[in-house]
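Quick notes on the structure that follows.
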Amino acid sequence: MTIDEPILRVVPRPGDINSNGHIFGGWVLSQMDIAGGIVAARVAQGRTATVAIETMEFIAPILMGDLISVYAKVERRGRTSVAIRVDVVASRDRGQAEVKVTSGVFTFVALDDAFRPRPLPAE
């Protein structure tokens with residue numbers, strides 16, 4: 001996997017639209033959490049849990065018909081936690097345009113079998 005490879009690709013459905021006619025922010029947030037969790041689990045080599053969203057910026061709306069690509073990469077590592085930068089890009093107009101729509105930093109903690117924080121494996 002390369003950095004430029006999306007972790008998720010998804011097309012929002014009509015039920016994901018908010019009252020403004022754009023995609024509901026909570027739907028986008030959940031897709032970002034899923035993608036960040038995939039990368040965090042790879043780093044932790046096991047279970048993780050989301051413990052914080054440090055920054056979250058909605059840059060542009062996601063429109064019905066957009067194809068959403070969610071990119072995620074490690075921003076920093078701690079002893080038991082890993083911060084993942086998550087960016088969302090919308091492909092619209094039948095692939096003619098790409099728009100960065102959302103960005104954020106999600107922090108995950110590695111969990112042991114008792115669901116308590118555990119140290120991350122060595123790099």
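Ordering of the structure tokens sets the chain letters (A, B, ...); residue numbers start at 1 within each chain; ligands are numbered from 1 in the order shown.
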
Counting only C-alpha atoms, which residues in segment 53-100 of chain A sit no more than 8 Å from segment 10-33 of chain A? For each one, give the nearest pair of atoms and the distance in Å, sorted by chain then residue number, as a Markdown table.
| residue | atom | partner | partner_atom | distance |
| --- | --- | --- | --- | --- |
| A:Pro61 | CA | A:His22 | CA | 6.1 |
| A:Ile62 | CA | A:Ile23 | CA | 5.4 |
| A:Leu63 | CA | A:His22 | CA | 5.3 |
| A:Met64 | CA | A:Pro12 | CA | 6.6 |
| A:Gly65 | CA | A:Val11 | CA | 6.8 |
| A:Asp66 | CA | A:Val11 | CA | 6.3 |
| A:Leu67 | CA | A:Val11 | CA | 4.8 |
| A:Ile68 | CA | A:Val10 | CA | 5.2 |
| A:Ser69 | CA | A:Val10 | CA | 6.7 |
| A:Val70 | CA | A:Met32 | CA | 6.7 |
| A:Val86 | CA | A:Met32 | CA | 6.3 |
| A:Asp87 | CA | A:Met32 | CA | 7.8 |
| A:Val88 | CA | A:Met32 | CA | 7.6 |

Report as a compact mmCIF listing (two decimals) with all heavy atoms, in the first residue's frame all protein, DNA and RNA residues lying within 8 Å of Gly104 of chain A, evaluated on only C-alpha atoms, omitting residues in the same chain fewer than 4 positions from it.
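Once everything was written out, this is selection_14.txt:
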# COMPACT_ATOMS: atom_id res chain seq x y z
N ILE A 53 -10.52 13.21 18.68
CA ILE A 53 -10.43 13.83 17.36
C ILE A 53 -9.88 15.22 17.64
O ILE A 53 -10.56 16.07 18.19
CB ILE A 53 -11.79 13.90 16.65
CG1 ILE A 53 -12.38 12.50 16.49
CG2 ILE A 53 -11.65 14.60 15.30
CD1 ILE A 53 -13.80 12.49 15.97
N GLU A 54 -8.59 15.39 17.32
CA GLU A 54 -7.91 16.64 17.67
C GLU A 54 -8.37 17.81 16.82
O GLU A 54 -8.61 18.89 17.32
CB GLU A 54 -6.40 16.47 17.51
CG GLU A 54 -5.81 15.47 18.45
CD GLU A 54 -4.35 15.23 18.16
OE1 GLU A 54 -3.64 16.19 17.84
OE2 GLU A 54 -3.94 14.07 18.25
N THR A 55 -8.42 17.60 15.54
CA THR A 55 -8.85 18.65 14.63
C THR A 55 -9.79 18.03 13.62
O THR A 55 -9.65 16.88 13.25
CB THR A 55 -7.68 19.29 13.86
OG1 THR A 55 -7.02 18.30 13.10
CG2 THR A 55 -6.69 19.95 14.81
N MET A 56 -10.73 18.80 13.20
CA MET A 56 -11.68 18.35 12.20
C MET A 56 -12.11 19.58 11.44
O MET A 56 -12.56 20.55 12.04
CB MET A 56 -12.88 17.69 12.89
CG MET A 56 -13.89 17.14 11.98
SD MET A 56 -13.25 15.68 11.18
CE MET A 56 -14.58 15.38 10.08
N GLU A 57 -11.93 19.55 10.14
CA GLU A 57 -12.28 20.70 9.33
C GLU A 57 -13.11 20.26 8.15
O GLU A 57 -12.70 19.40 7.38
CB GLU A 57 -10.99 21.39 8.85
CG GLU A 57 -11.24 22.61 8.04
CD GLU A 57 -9.95 23.27 7.56
OE1 GLU A 57 -8.87 22.70 7.75
OE2 GLU A 57 -10.05 24.34 6.97
N ARG A 85 -3.68 11.04 10.51
CA ARG A 85 -4.21 12.12 9.67
C ARG A 85 -5.16 11.49 8.65
O ARG A 85 -4.78 10.54 7.95
CB ARG A 85 -3.07 12.83 8.96
CG ARG A 85 -3.45 13.67 7.76
CD ARG A 85 -4.18 14.94 8.05
NE ARG A 85 -3.45 15.79 8.97
CZ ARG A 85 -3.96 16.87 9.52
NH1 ARG A 85 -5.19 17.24 9.24
NH2 ARG A 85 -3.26 17.58 10.37
N VAL A 86 -6.38 12.00 8.59
CA VAL A 86 -7.38 11.46 7.68
C VAL A 86 -7.87 12.59 6.77
O VAL A 86 -8.31 13.63 7.26
CB VAL A 86 -8.58 10.83 8.44
CG1 VAL A 86 -9.56 10.22 7.47
CG2 VAL A 86 -8.09 9.80 9.44
N ASP A 87 -7.77 12.38 5.47
CA ASP A 87 -8.22 13.35 4.48
C ASP A 87 -9.27 12.70 3.59
O ASP A 87 -9.15 11.52 3.24
CB ASP A 87 -7.06 13.81 3.59
CG ASP A 87 -6.00 14.57 4.38
OD1 ASP A 87 -6.36 15.50 5.13
OD2 ASP A 87 -4.82 14.22 4.25

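By chain and then residue number, the residues within 10 Å of Ser81 of chain A are Ala40, Val43, Ala44, Thr48, Ala49, Thr50, Val51, Arg76, Arg77, Gly78, Ile84, Thr107, Phe108, Val109, Ala110, Leu111, Pro117, Arg118, Pro119 and Leu120 of chain A, counting only C-alpha atoms and disregarding those fewer than 3 positions away in sequence.
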
Those same residues, written as a PDB file, in the first residue's frame with N, CA and C atoms?
ATOM      1  N   ALA A  40      -4.766   2.424  12.218  1.00  0.00           N
ATOM      2  CA  ALA A  40      -4.349   2.276  13.616  1.00  0.00           C
ATOM      3  C   ALA A  40      -4.210   0.807  14.010  1.00  0.00           C
ATOM      4  N   VAL A  43      -0.991  -0.562  12.703  1.00  0.00           N
ATOM      5  CA  VAL A  43       0.148  -0.104  13.508  1.00  0.00           C
ATOM      6  C   VAL A  43       0.191  -0.846  14.838  1.00  0.00           C
ATOM      7  N   ALA A  44      -0.969  -0.962  15.493  1.00  0.00           N
ATOM      8  CA  ALA A  44      -1.054  -1.598  16.816  1.00  0.00           C
ATOM      9  C   ALA A  44      -0.969  -3.117  16.730  1.00  0.00           C
ATOM     10  N   THR A  48      -7.876  -1.463  18.609  1.00  0.00           N
ATOM     11  CA  THR A  48      -7.683  -0.067  18.981  1.00  0.00           C
ATOM     12  C   THR A  48      -9.044   0.546  19.269  1.00  0.00           C
ATOM     13  N   ALA A  49      -9.017   1.702  19.911  1.00  0.00           N
ATOM     14  CA  ALA A  49     -10.243   2.465  20.135  1.00  0.00           C
ATOM     15  C   ALA A  49      -9.943   3.932  19.862  1.00  0.00           C
ATOM     16  N   THR A  50     -10.906   4.611  19.284  1.00  0.00           N
ATOM     17  CA  THR A  50     -10.785   6.051  19.066  1.00  0.00           C
ATOM     18  C   THR A  50     -10.889   6.742  20.423  1.00  0.00           C
ATOM     19  N   VAL A  51      -9.924   7.600  20.728  1.00  0.00           N
ATOM     20  CA  VAL A  51      -9.963   8.312  22.006  1.00  0.00           C
ATOM     21  C   VAL A  51     -10.076   9.819  21.838  1.00  0.00           C
ATOM     22  N   ARG A  76       1.713  10.711  14.049  1.00  0.00           N
ATOM     23  CA  ARG A  76       2.683  10.545  15.141  1.00  0.00           C
ATOM     24  C   ARG A  76       2.296   9.339  15.995  1.00  0.00           C
ATOM     25  N   ARG A  77       3.309   8.812  16.671  1.00  0.00           N
ATOM     26  CA  ARG A  77       3.125   7.655  17.559  1.00  0.00           C
ATOM     27  C   ARG A  77       3.490   8.055  18.980  1.00  0.00           C
ATOM     28  N   GLY A  78       2.747   7.505  19.925  1.00  0.00           N
ATOM     29  CA  GLY A  78       3.084   7.634  21.330  1.00  0.00           C
ATOM     30  C   GLY A  78       3.434   6.257  21.867  1.00  0.00           C
ATOM     31  N   ILE A  84      -3.614   9.571  13.639  1.00  0.00           N
ATOM     32  CA  ILE A  84      -3.772   9.304  12.213  1.00  0.00           C
ATOM     33  C   ILE A  84      -4.367  10.532  11.525  1.00  0.00           C
ATOM     34  N   THR A 107      -7.018  10.172  17.090  1.00  0.00           N
ATOM     35  CA  THR A 107      -6.085   9.455  17.953  1.00  0.00           C
ATOM     36  C   THR A 107      -6.733   8.162  18.430  1.00  0.00           C
ATOM     37  N   PHE A 108      -5.984   7.086  18.289  1.00  0.00           N
ATOM     38  CA  PHE A 108      -6.431   5.755  18.690  1.00  0.00           C
ATOM     39  C   PHE A 108      -5.471   5.217  19.730  1.00  0.00           C
ATOM     40  N   VAL A 109      -5.988   4.430  20.666  1.00  0.00           N
ATOM     41  CA  VAL A 109      -5.154   3.768  21.658  1.00  0.00           C
ATOM     42  C   VAL A 109      -5.200   2.265  21.410  1.00  0.00           C
ATOM     43  N   ALA A 110      -4.044   1.619  21.540  1.00  0.00           N
ATOM     44  CA  ALA A 110      -3.963   0.163  21.407  1.00  0.00           C
ATOM     45  C   ALA A 110      -4.570  -0.470  22.654  1.00  0.00           C
ATOM     46  N   LEU A 111      -5.324  -1.559  22.468  1.00  0.00           N
ATOM     47  CA  LEU A 111      -6.009  -2.218  23.587  1.00  0.00           C
ATOM     48  C   LEU A 111      -5.540  -3.661  23.743  1.00  0.00           C
ATOM     49  N   PRO A 117      -5.401   0.078  27.798  1.00  0.00           N
ATOM     50  CA  PRO A 117      -4.290   0.511  26.941  1.00  0.00           C
ATOM     51  C   PRO A 117      -3.075  -0.404  27.085  1.00  0.00           C
ATOM     52  N   ARG A 118      -2.431  -0.656  25.950  1.00  0.00           N
ATOM     53  CA  ARG A 118      -1.209  -1.461  25.930  1.00  0.00           C
ATOM     54  C   ARG A 118      -0.183  -0.756  25.051  1.00  0.00           C
ATOM     55  N   PRO A 119       1.087  -1.013  25.246  1.00  0.00           N
ATOM     56  CA  PRO A 119       2.108  -0.381  24.406  1.00  0.00           C
ATOM     57  C   PRO A 119       1.985  -0.818  22.946  1.00  0.00           C
ATOM     58  N   LEU A 120       2.295   0.106  22.051  1.00  0.00           N
ATOM     59  CA  LEU A 120       2.358  -0.232  20.628  1.00  0.00           C
ATOM     60  C   LEU A 120       3.566  -1.105  20.378  1.00  0.00           C
TER      61      LEU A 120
END

I need the residues of chain A that end up classed as helix (DSSP H, G or I) by DSSP on the backbone, written out as a list in words.
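Residues of chain A classed as helix (DSSP H, G or I): Pro14, Gly15, Asp16, Gly25, Gly26, Trp27, Val28, Leu29, Ser30, Gln31, Met32, Asp33, Ile34, Ala35, Gly36, Gly37, Ile38, Val39, Ala40, Ala41, Arg42, Val43 and Ala44 of chain A.
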
Determine, counting only C-alpha atoms, which protein, DNA and RNA residues have an atom within 9 Å of an atom of Lys100 of chain A; residues of the same chain fewer than 3 positions away are not included. Present the result as a PyMOL selection string.
chain A and resi 59-60+87-91+103

What parts of chain A does DSSP call strand (DSSP E)? I'd like the answer as an MDAnalysis selection string.
chainID A and resid 8:10 48:58 67:77 81:92 97:110

Just how far from atom CA of Ala41 of chain A is atom CA of Glu98 of chain A, in Å to one decimal?
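So the two atoms, atom CA of Glu98 of chain A and atom CA of Ala41 of chain A, lie 28.3 Å apart.
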
Measuring atom to atom with only C-alpha atoms, identify which of A:Ile7, A:Ala72, A:Ala35, A:Ala114 is nearest to Arg47 of chain A.
A:Ala114

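When atom CA of Glu75 of chain A is paired with atom CA of Asp4 of chain A, their separation reads 14.6 Å.
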
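Proximity of A:Val39, A:Val105, A:Val74, A:Leu8 to Ala52 of chain A, computed with only C-alpha atoms, is greatest for A:Val105.
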
One decimal, Å: what's the distance from atom CA of Gly36 of chain A over to atom CA of Lys73 of chain A, could you say?
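Going from atom CA of Gly36 of chain A over to atom CA of Lys73 of chain A covers 7.8 Å.
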